[in-house]
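Engineer: Here you go, data.pdb (PDB, C-alpha atoms):
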```
ATOM      1  CA  MET A 698     141.975  99.186 185.414
ATOM      2  CA  PHE A 699     140.620  98.351 181.965
ATOM      3  CA  LEU A 700     142.986  97.195 179.247
ATOM      4  CA  ILE A 701     142.414  96.298 175.599
ATOM      5  CA  LEU A 702     145.040  94.163 173.864
ATOM      6  CA  SER A 703     145.360  93.244 170.223
ATOM      7  CA  GLN A 704     146.033  89.782 168.868
ATOM      8  CA  ASP A 705     149.796  90.368 169.026
ATOM      9  CA  ASP A 706     149.696  91.607 172.623
ATOM     10  CA  HIS A 707     149.969  95.282 171.731
ATOM     11  CA  PRO A 708     148.009  97.486 174.131
ATOM     12  CA  LEU A 709     145.295  99.323 172.223
ATOM     13  CA  TYR A 710     143.647 101.159 175.071
ATOM     14  CA  GLU A 711     144.117 101.634 178.810
ATOM     15  CA  ARG A 712     141.942 103.246 181.400
ATOM     16  CA  ARG A 713     142.494 103.413 185.113
ATOM     17  CA  PHE A 714     139.642 103.712 187.529
ATOM     18  CA  PRO A 715     139.625 103.559 191.322
ATOM     19  CA  LEU A 716     138.382 100.445 193.071
ATOM     20  CA  LYS A 717     135.253 101.019 195.052
ATOM     21  CA  LYS A 718     135.145  98.643 197.936
ATOM     22  CA  THR A 719     138.727  98.412 198.958
ATOM     23  CA  THR A 720     141.353 101.042 199.227
ATOM     24  CA  LEU A 721     144.606  99.775 197.919
ATOM     25  CA  GLY A 722     147.749 101.704 198.533
ATOM     26  CA  SER A 723     148.816 104.042 195.756
ATOM     27  CA  GLN A 724     151.799 101.821 195.041
ATOM     28  CA  GLN A 725     149.506  98.903 194.311
ATOM     29  CA  LEU A 726     147.314 100.992 192.058
ATOM     30  CA  LEU A 727     150.359 101.857 189.993
ATOM     31  CA  ASN A 728     151.095  98.180 189.696
ATOM     32  CA  ALA A 729     147.697  97.455 188.195
ATOM     33  CA  GLN A 730     149.152  97.483 184.714
ATOM     34  CA  PHE A 731     151.933  95.138 185.765
ATOM     35  CA  ILE A 732     149.482  92.757 187.406
ATOM     36  CA  LEU A 733     147.232  92.644 184.361
ATOM     37  CA  HIS A 734     150.078  91.911 181.995
ATOM     38  CA  ALA A 735     151.362  89.233 184.329
ATOM     39  CA  SER A 736     148.050  87.400 184.140
ATOM     40  CA  LEU A 737     148.250  87.090 180.358
ATOM     41  CA  ASP A 738     149.615  83.539 180.494
ATOM     42  CA  VAL A 739     146.674  82.248 182.437
ATOM     43  CA  PHE A 740     144.358  84.207 180.188
ATOM     44  CA  GLU A 741     145.890  82.686 177.095
ATOM     45  CA  GLU A 742     145.385  79.149 178.320
ATOM     46  CA  LYS A 743     141.761  79.838 179.057
ATOM     47  CA  TYR A 744     140.771  81.531 175.874
ATOM     48  CA  LYS A 745     142.527  79.120 173.562
ATOM     49  CA  SER A 746     140.358  76.283 174.741
ATOM     50  CA  SER A 747     137.041  78.050 175.192
ATOM     51  CA  LYS A 748     134.390  79.046 172.685
ATOM     52  CA  GLU A 749     132.857  81.669 174.923
ATOM     53  CA  LEU A 750     133.497  85.365 174.691
ATOM     54  CA  PHE A 751     133.334  86.201 178.370
ATOM     55  CA  LEU A 752     135.906  84.146 180.198
ATOM     56  CA  LYS A 753     134.910  84.955 183.757
ATOM     57  CA  GLU A 754     137.512  85.181 186.375
ATOM     58  CA  ILE A 755     141.087  84.627 185.508
ATOM     59  CA  GLU A 756     142.747  85.344 188.798
ATOM     60  CA  GLN A 757     141.780  86.331 192.261
ATOM     61  CA  LYS A 758     143.978  88.119 194.737
ATOM     62  CA  GLN A 759     143.117  89.301 198.228
ATOM     63  CA  ASP A 760     141.171  92.417 197.395
ATOM     64  CA  TYR A 761     140.430  92.364 193.695
ATOM     65  CA  ARG A 762     139.673  90.078 190.783
ATOM     66  CA  ILE A 763     140.797  89.983 187.200
ATOM     67  CA  PHE A 764     138.263  89.294 184.460
ATOM     68  CA  GLY A 765     138.889  88.514 180.824
ATOM     69  CA  TYR A 766     136.835  88.867 177.661
ATOM     70  CA  VAL A 767     137.889  88.020 174.131
ATOM     71  CA  THR A 768     136.331  89.126 170.843
ATOM     72  CA  PRO A 769     136.078  86.882 167.761
ATOM     73  CA  SER A 770     139.122  88.506 166.199
ATOM     74  CA  ASN A 771     141.216  87.773 169.291
ATOM     75  CA  ILE A 772     141.213  91.257 170.760
ATOM     76  CA  ARG A 773     141.381  90.832 174.515
ATOM     77  CA  PHE A 774     139.836  92.876 177.313
ATOM     78  CA  LEU A 775     141.286  92.703 180.801
ATOM     79  CA  ILE A 776     139.623  94.277 183.811
ATOM     80  CA  LEU A 777     141.018  94.552 187.290
ATOM     81  CA  THR A 778     138.196  95.355 189.645
ATOM     82  CA  ASP A 779     136.346  94.279 192.747
ATOM     83  CA  GLN A 780     132.852  94.278 191.300
ATOM     84  CA  GLU A 781     130.710  91.237 190.714
ATOM     85  CA  GLU A 782     130.910  89.096 187.640
ATOM     86  CA  GLU A 783     127.516  89.992 186.208
ATOM     87  CA  LYS A 784     128.265  93.680 186.158
ATOM     88  CA  VAL A 785     131.617  93.124 184.533
ATOM     89  CA  LYS A 786     130.038  90.890 181.897
ATOM     90  CA  GLY A 787     127.496  93.575 181.019
ATOM     91  CA  PHE A 788     130.215  96.181 180.811
ATOM     92  CA  CYS A 789     132.353  93.982 178.562
ATOM     93  CA  GLN A 790     129.555  93.366 176.104
ATOM     94  CA  LEU A 791     128.806  97.055 175.764
ATOM     95  CA  ALA A 792     132.486  97.913 175.479
ATOM     96  CA  HIS A 793     132.768  95.285 172.730
ATOM     97  CA  GLU A 794     130.042  97.002 170.729
ATOM     98  CA  GLN A 795     131.786 100.345 171.072
ATOM     99  CA  LEU A 796     135.066  98.769 170.035
ATOM    100  CA  ILE A 797     133.452  97.466 166.859
ATOM    101  CA  LYS A 798     132.340 100.982 166.029
ATOM    102  CA  VAL A 799     135.940 102.131 166.319
ATOM    103  CA  LEU A 800     137.100  99.219 164.162
ATOM    104  CA  MET A 801     134.597 100.048 161.441
ATOM    105  CA  ASN A 802     136.247 103.418 160.923
ATOM    106  CA  PRO A 803     138.186 102.913 157.688
ATOM    107  CA  LEU A 804     140.740 105.481 158.780
ATOM    108  CA  TYR A 805     141.565 103.512 161.906
ATOM    109  CA  GLN A 806     144.601 101.351 161.299
ATOM    110  CA  LEU A 807     143.949  97.860 162.635
ATOM    111  CA  GLY A 808     146.357  97.048 165.444
ATOM    112  CA  SER A 809     147.241 100.610 166.323
ATOM    113  CA  SER A 810     146.303 102.266 169.606
ATOM    114  CA  ILE A 811     142.859 103.807 169.886
ATOM    115  CA  SER A 812     143.175 107.555 170.187
ATOM    116  CA  SER A 813     139.556 108.554 169.654
ATOM    117  CA  SER A 814     138.442 110.886 172.424
ATOM    118  CA  ASN A 815     134.805 109.960 171.794
ATOM    119  CA  PHE A 816     135.605 106.338 172.533
ATOM    120  CA  ASP A 817     137.330 107.482 175.704
ATOM    121  CA  HIS A 818     134.231 109.433 176.798
ATOM    122  CA  VAL A 819     131.919 106.548 176.046
ATOM    123  CA  ILE A 820     134.045 104.050 177.971
ATOM    124  CA  GLN A 821     134.226 106.454 180.880
ATOM    125  CA  GLN A 822     130.429 106.740 180.868
ATOM    126  CA  LEU A 823     130.071 102.972 180.763
ATOM    127  CA  LEU A 824     132.464 102.563 183.666
ATOM    128  CA  GLN A 825     130.511 105.050 185.723
ATOM    129  CA  THR A 826     127.104 103.601 185.023
ATOM    130  CA  ARG A 827     127.864  99.905 184.816
ATOM    131  CA  LEU A 828     130.604  99.476 187.323
ATOM    132  CA  ASN A 829     129.529 102.268 189.643
ATOM    133  CA  GLN A 830     132.906 103.919 189.586
TER
ATOM    134  CA  MET B 289     125.697 115.750 172.800
ATOM    135  CA  LYS B 290     126.496 115.975 169.112
ATOM    136  CA  LYS B 291     129.860 114.484 169.879
ATOM    137  CA  PHE B 292     128.481 111.085 170.733
ATOM    138  CA  GLN B 293     126.144 110.561 167.802
ATOM    139  CA  PHE B 294     128.307 107.986 166.126
ATOM    140  CA  PHE B 295     128.658 105.929 169.263
ATOM    141  CA  ASP B 296     124.965 106.109 170.053
ATOM    142  CA  LYS B 297     123.857 104.209 167.003
ATOM    143  CA  ASN B 298     122.768 100.670 167.557
ATOM    144  CA  ILE B 299     125.064  98.348 165.708
ATOM    145  CA  ARG B 300     123.187  95.188 166.562
ATOM    146  CA  GLN B 301     119.928  95.646 164.738
ATOM    147  CA  GLN B 302     120.933  97.309 161.511
ATOM    148  CA  ARG B 303     120.590  94.978 158.564
ATOM    149  CA  PRO B 304     120.889  97.271 155.605
ATOM    150  CA  GLU B 305     120.262  95.857 152.165
ATOM    151  CA  LEU B 306     122.511  97.438 149.617
ATOM    152  CA  ASN B 307     121.702  97.789 145.953
ATOM    153  CA  PHE B 308     124.135  95.569 144.096
ATOM    154  CA  CYS B 309     124.514  98.068 141.279
ATOM    155  CA  THR B 310     125.604 100.751 143.707
ATOM    156  CA  PHE B 311     128.299  98.556 145.148
ATOM    157  CA  ASN B 312     129.342  97.386 141.698
ATOM    158  CA  TYR B 313     129.755 100.964 140.529
ATOM    159  CA  VAL B 314     132.124 101.764 143.369
ATOM    160  CA  PHE B 315     133.981  98.492 142.943
ATOM    161  CA  ALA B 316     134.409  98.937 139.189
ATOM    162  CA  GLU B 317     135.765 102.454 139.787
ATOM    163  CA  TYR B 318     138.251 100.999 142.241
ATOM    164  CA  ILE B 319     139.493  98.456 139.701
ATOM    165  CA  CYS B 320     139.828 101.190 137.067
ATOM    166  CA  TYR B 321     141.793 103.269 139.555
ATOM    167  CA  LEU B 322     144.164 100.390 140.195
ATOM    168  CA  LYS B 323     144.625  99.870 136.489
ATOM    169  CA  ARG B 324     145.398 103.554 135.933
ATOM    170  CA  LYS B 325     147.807 103.653 138.804
ATOM    171  CA  HIS B 326     149.726 100.442 138.244
ATOM    172  CA  GLY B 327     149.343  99.828 134.543
ATOM    173  CA  ASN B 328     150.654  96.430 133.704
ATOM    174  CA  ASP B 329     152.084  95.524 137.082
ATOM    175  CA  TYR B 330     149.735  92.651 137.862
ATOM    176  CA  ASN B 331     151.416  91.586 141.062
ATOM    177  CA  GLU B 332     151.051  95.038 142.537
ATOM    178  CA  MET B 333     147.377  95.217 141.586
ATOM    179  CA  ASN B 334     146.678  91.821 143.047
ATOM    180  CA  SER B 335     148.396  92.634 146.303
ATOM    181  CA  LYS B 336     146.503  95.917 146.633
ATOM    182  CA  MET B 337     143.193  94.173 146.112
ATOM    183  CA  GLU B 338     144.129  91.558 148.622
ATOM    184  CA  GLN B 339     145.096  94.221 151.175
ATOM    185  CA  LEU B 340     141.721  95.865 150.766
ATOM    186  CA  GLY B 341     140.051  92.494 151.176
ATOM    187  CA  VAL B 342     141.962  91.788 154.384
ATOM    188  CA  SER B 343     140.885  94.994 156.067
ATOM    189  CA  VAL B 344     137.280  94.517 154.934
ATOM    190  CA  GLY B 345     137.353  90.906 156.105
ATOM    191  CA  ILE B 346     138.490  91.648 159.666
ATOM    192  CA  ARG B 347     135.912  94.361 160.183
ATOM    193  CA  LEU B 348     133.044  92.412 158.680
ATOM    194  CA  TYR B 349     133.954  89.354 160.695
ATOM    195  CA  GLU B 350     133.534  91.272 163.949
ATOM    196  CA  VAL B 351     130.233  92.800 162.883
ATOM    197  CA  VAL B 352     128.771  89.557 161.551
ATOM    198  CA  SER B 353     129.816  87.709 164.707
ATOM    199  CA  LEU B 354     128.109  90.320 166.826
ATOM    200  CA  ARG B 355     124.882  90.253 164.843
ATOM    201  CA  GLU B 356     124.530  86.577 164.061
ATOM    202  CA  ARG B 357     126.215  84.646 166.775
ATOM    203  CA  ASN B 358     128.058  85.518 169.918
ATOM    204  CA  LYS B 359     130.663  82.823 170.061
ATOM    205  CA  ARG B 360     134.170  82.220 168.839
ATOM    206  CA  GLU B 361     135.553  79.191 167.098
ATOM    207  CA  THR B 362     138.661  77.375 168.170
ATOM    208  CA  LYS B 363     138.568  74.527 165.660
ATOM    209  CA  LEU B 364     139.400  75.152 162.037
ATOM    210  CA  VAL B 365     136.645  73.074 160.454
ATOM    211  CA  GLU B 366     133.992  74.830 162.535
ATOM    212  CA  GLN B 367     135.401  78.179 161.488
ATOM    213  CA  LEU B 368     135.306  77.168 157.823
ATOM    214  CA  ARG B 369     131.694  76.100 158.219
ATOM    215  CA  PHE B 370     130.889  79.461 159.739
ATOM    216  CA  ILE B 371     132.560  81.219 156.807
ATOM    217  CA  GLN B 372     130.867  79.088 154.205
ATOM    218  CA  GLY B 373     127.433  79.381 155.779
ATOM    219  CA  ILE B 374     126.676  82.439 157.855
ATOM    220  CA  PHE B 375     129.429  84.776 156.714
ATOM    221  CA  TRP B 376     128.998  84.131 152.994
ATOM    222  CA  LYS B 377     125.261  84.500 153.340
ATOM    223  CA  HIS B 378     125.661  87.808 155.098
ATOM    224  CA  LEU B 379     127.959  89.126 152.373
ATOM    225  CA  PHE B 380     126.492  87.691 149.204
ATOM    226  CA  GLY B 381     123.021  86.490 150.044
ATOM    227  CA  ARG B 382     123.721  82.796 149.613
ATOM    228  CA  GLN B 383     126.003  80.170 151.063
ATOM    229  CA  ALA B 384     129.134  78.995 149.338
ATOM    230  CA  GLU B 385     128.752  75.611 147.749
ATOM    231  CA  SER B 386     131.153  73.435 149.650
ATOM    232  CA  ILE B 387     134.283  73.008 151.696
ATOM    233  CA  GLU B 388     136.607  70.369 150.353
ATOM    234  CA  LYS B 389     139.900  68.796 151.163
ATOM    235  CA  LEU B 390     142.198  67.155 148.663
ATOM    236  CA  LYS B 391     144.141  64.016 149.455
ATOM    237  CA  ASP B 392     147.397  65.073 147.924
ATOM    238  CA  ARG B 393     147.506  68.474 149.586
ATOM    239  CA  PRO B 394     147.228  67.873 153.320
ATOM    240  CA  ASN B 395     147.593  71.522 154.354
ATOM    241  CA  ASP B 396     144.948  72.923 152.036
ATOM    242  CA  TYR B 397     141.223  73.396 152.145
ATOM    243  CA  LEU B 398     139.061  74.521 149.248
ATOM    244  CA  ILE B 399     135.956  76.657 149.312
ATOM    245  CA  ARG B 400     133.903  76.427 146.177
ATOM    246  CA  ASP B 401     131.573  79.123 144.932
ATOM    247  CA  GLU B 402     129.773  78.412 141.708
ATOM    248  CA  ASN B 403     128.562  81.878 140.978
ATOM    249  CA  PRO B 404     130.407  84.530 142.966
ATOM    250  CA  LEU B 405     128.403  87.725 143.175
ATOM    251  CA  LEU B 406     131.395  89.992 142.640
ATOM    252  CA  LEU B 407     132.284  88.429 139.303
ATOM    253  CA  LYS B 408     128.833  88.812 137.838
ATOM    254  CA  TYR B 409     129.632  91.677 135.483
ATOM    255  CA  ILE B 410     133.328  91.082 135.053
ATOM    256  CA  SER B 411     134.713  89.014 132.219
ATOM    257  CA  GLU B 412     137.537  86.594 132.492
ATOM    258  CA  GLU B 413     140.935  88.056 131.944
ATOM    259  CA  GLY B 414     144.214  86.279 132.317
ATOM    260  CA  HIS B 415     146.093  87.889 135.099
ATOM    261  CA  ILE B 416     143.962  89.838 137.504
ATOM    262  CA  SER B 417     140.529  89.373 138.899
ATOM    263  CA  PRO B 418     138.336  90.712 141.680
ATOM    264  CA  ALA B 419     138.435  87.177 143.020
ATOM    265  CA  GLN B 420     141.660  88.378 144.629
ATOM    266  CA  PHE B 421     139.537  90.751 146.692
ATOM    267  CA  MET B 422     137.471  87.817 147.896
ATOM    268  CA  CYS B 423     140.688  85.965 148.689
ATOM    269  CA  GLY B 424     141.658  88.942 150.811
ATOM    270  CA  ILE B 425     138.378  88.819 152.718
ATOM    271  CA  LEU B 426     138.892  85.137 153.495
ATOM    272  CA  LYS B 427     142.469  85.737 154.515
ATOM    273  CA  GLY B 428     141.436  88.586 156.815
ATOM    274  CA  VAL B 429     138.802  86.501 158.568
ATOM    275  CA  LEU B 430     141.029  83.483 159.065
ATOM    276  CA  ASN B 431     144.087  85.421 160.187
ATOM    277  CA  ALA B 432     142.020  87.459 162.632
ATOM    278  CA  SER B 433     140.544  84.350 164.217
ATOM    279  CA  GLY B 434     143.965  82.856 164.728
ATOM    280  CA  PHE B 435     144.476  80.539 161.743
ATOM    281  CA  THR B 436     147.258  81.950 159.600
ATOM    282  CA  CYS B 437     146.949  81.066 155.960
ATOM    283  CA  GLN B 438     147.466  82.186 152.393
ATOM    284  CA  VAL B 439     144.498  82.263 150.055
ATOM    285  CA  SER B 440     144.543  81.977 146.293
ATOM    286  CA  TYR B 441     141.881  81.302 143.724
ATOM    287  CA  GLN B 442     141.386  79.248 140.605
ATOM    288  CA  PHE B 443     138.668  79.252 138.032
ATOM    289  CA  LYS B 444     137.324  75.843 137.272
ATOM    290  CA  THR B 445     138.358  74.374 133.961
ATOM    291  CA  ASP B 446     137.793  70.939 132.526
ATOM    292  CA  GLU B 447     140.514  68.502 131.463
ATOM    293  CA  ARG B 448     139.773  69.515 127.915
ATOM    294  CA  GLY B 449     140.263  73.173 128.776
ATOM    295  CA  VAL B 450     136.592  74.124 128.852
ATOM    296  CA  SER B 451     136.162  76.993 131.238
ATOM    297  CA  TYR B 452     133.341  77.107 133.720
ATOM    298  CA  TYR B 453     133.865  80.765 134.585
ATOM    299  CA  PRO B 454     132.827  82.225 137.001
ATOM    300  CA  HIS B 455     132.901  79.022 138.984
ATOM    301  CA  THR B 456     135.685  79.792 141.466
ATOM    302  CA  VAL B 457     137.591  77.690 143.915
ATOM    303  CA  PHE B 458     139.408  79.392 146.814
ATOM    304  CA  ILE B 459     142.460  77.524 148.003
ATOM    305  CA  LEU B 460     143.353  78.075 151.671
ATOM    306  CA  SER B 461     146.925  77.024 152.451
ATOM    307  CA  PHE B 462     147.575  76.736 156.134
ATOM    308  CA  GLU B 463     151.090  77.072 157.384
ATOM    309  CA  ASP B 464     150.692  75.605 160.820
ATOM    310  CA  ALA B 465     149.794  71.948 160.721
ATOM    311  CA  ARG B 466     148.529  72.118 164.297
ATOM    312  CA  ASP B 467     145.566  74.163 163.149
ATOM    313  CA  LEU B 468     144.210  71.415 160.944
TER
END
```
What does this structure look like when you write it as structure tokens?

Structural biologist:
Amino acid sequence: MFLILSQDDHPLYERRFPLKKTTLGSQQLLNAQFILHASLDVFEEKYKSSKELFLKEIEQKQDYRIFGYVTPSNIRFLILTDQEEEKVKGFCQLAHEQLIKVLMNPLYQLGSSISSSNFDHVIQQLLQTRLNQ
Amino acid sequence: MKKFQFFDKNIRQQRPELNFCTFNYVFAEYICYLKRKHGNDYNEMNSKMEQLGVSVGIRLYEVVSLRERNKRETKLVEQLRFIQGIFWKHLFGRQAESIEKLKDRPNDYLIRDENPLLLKYISEEGHISPAQFMCGILKGVLNASGFTCQVSYQFKTDERGVSYYPHTVFILSFEDARDL
């Protein structure tokens, strides 16, 4: 699952995608959102002290890993996946560029949820090509 | 594929140079619009200009960070240096003169700009000024990067009252002492 959060912890965008290597039960897939939000504390500690954008792995459970990425204006990306770090890093950088294009729209209210269907399509494409989903 | 055209453009490499007169024309129209709409309500005009500055500041901060440098700042002084150097240069073509700190105001920083580009064709008038727009830009950048502050401006004057307009000083008042 891919989640974008604003500076005040409002969710801006969510996208679920199936994990490739492992098959979690459907109950656990539904909990993906819960798991990601629960890892926010650890995420916060890490990004407050680091200058980097890509924060690598925040948490690791049995089958999947959680990665974090933060933009200069404190918009956070969270990804729950079982792919390798390099692929996730590439995906995050491209998703960041697309996010900036959404932000540059003067009619987009900063801090509100992203409802652009084009953005949705582009992220879906990126997920399929970069993360092989 | 027409749908995706906007998202296909490369945001990293574009470095467009804008004609200053073009921008000034739009900006002057905006100030006239504010004057028509709000008349003599200076507070309202100032707050509208600041609001515009805030939204411009946040967006530009993201774009400039992407193009110039791919890192964030966690310390305030480093962030101020970034604003004074790279960010100012990207916006106005030159760096701001200095960052200063006064002894008797522990929560404030000053950014000094001796010849702000936006004030080039605008004369000094008592109550309102496009410098409020620049205050908004600074406020947007700092608030977005996690340092909450209020920004105000002052034009430099001598003890004798001699004005050095458009020499402007931006006063950044930070609320949270932990940021300093």

Engineer: For the atom pair atom CA of B:Val342 and atom CA of B:Lys427, what is the interatomic distance in Å to one decimal place?

Structural biologist: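 Atom-to-atom, atom CA of B:Val342 to atom CA of B:Lys427, that is 6.1 Å.
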
Engineer: Evaluated on this file, the PyMOL selection byres ((chain A) within 10 of (chain B)) picks out some residues - which ones are they, written as a ChimeraX atom specification?

Structural biologist: /A:704,744-751,767-772,790,793-803,806-807,814-816,818-819

Engineer: Report, in Å with one decimal, the straight-line distance from atom CA of B:Arg400 to atom CA of B:Gln339.

Structural biologist: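 Computing the Euclidean distance for atom CA of B:Arg400 and atom CA of B:Gln339 yields 21.6 Å.
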
Engineer: Evaluating the PyMOL selection byres ((chain B and resi 308) around 12) on the displayed file yields which residues, as a list in words?

Structural biologist: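 For this structure, the PyMOL selection byres ((chain B and resi 308) around 12) captures Glu305, Leu306, Asn307, Cys309, Thr310, Phe311, Asn312, Tyr313, Val314, Phe315, Ala316, Leu379, Phe380, Gly381, Leu405, Leu406, Leu407, Lys408 and Tyr409 of chain B.
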
Engineer: Determine the nearest neighbour of B:Glu402 from the options B:Pro418, B:Gly424, B:Gly327, B:Pro454, counting all atoms listed in the file.

Structural biologist: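 That would be B:Pro454, the residue with the smallest distance to B:Glu402.
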
Engineer: Excluding same-chain residues fewer than 5 positions from A:Val785, what lies within 8 Å of it counting all atoms listed in the file, as an MDAnalysis selection string?

Structural biologist: chainID A and resid 764 780 827:828

Engineer: Would you output that residue set with C-alpha atoms, as a CSV table (one decimal), keeping the file's coordinate frame?

Structural biologist:
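Produced file result.csv, reproduced below:
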```
chain,number,residue,atom,x,y,z
A,764,PHE,CA,138.3,89.3,184.5
A,780,GLN,CA,132.9,94.3,191.3
A,827,ARG,CA,127.9,99.9,184.8
A,828,LEU,CA,130.6,99.5,187.3
```

Engineer: Give me, please, the distance in Å between atom CA of B:Ile374 and atom CA of A:Lys753, quoted to one decimal.

Structural biologist: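 Taking atom CA of B:Ile374 as the start and atom CA of A:Lys753 as the end point, the length is 27.3 Å.
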
Engineer: Step by step, gather every atom of stretch 727-737 of chain A that the file lists, find the box along x, y and z that holds them, add 5 Å on each side, and finally give centre and edge lengths in Å to one decimal, as lines of an AutoDock Vina configuration file.

Structural biologist:
```
center_x = 149.6
center_y = 94.5
center_z = 185.2
size_x = 14.7
size_y = 24.8
size_z = 19.6
```

Engineer: Please enumerate the residues selected by the PyMOL selection byres ((chain B and resi 440) around 9) when evaluated against the supplied file, formatted as a list in words.

Structural biologist: Ala419, Gln420, Cys423, Gly424, Gln438, Val439, Tyr441, Gln442, Val457, Phe458, Ile459, Leu460 and Ser461 of chain B

Engineer: With a distance cut-off of 6 Å and all atoms listed in the file, select the neighbouring residues of A:Leu775, excluding the residue or stretch itself and same-chain residues fewer than 3 positions from it, and output the selection as a PyMOL selection string.

Structural biologist: chain A and resi 699-700+764-765
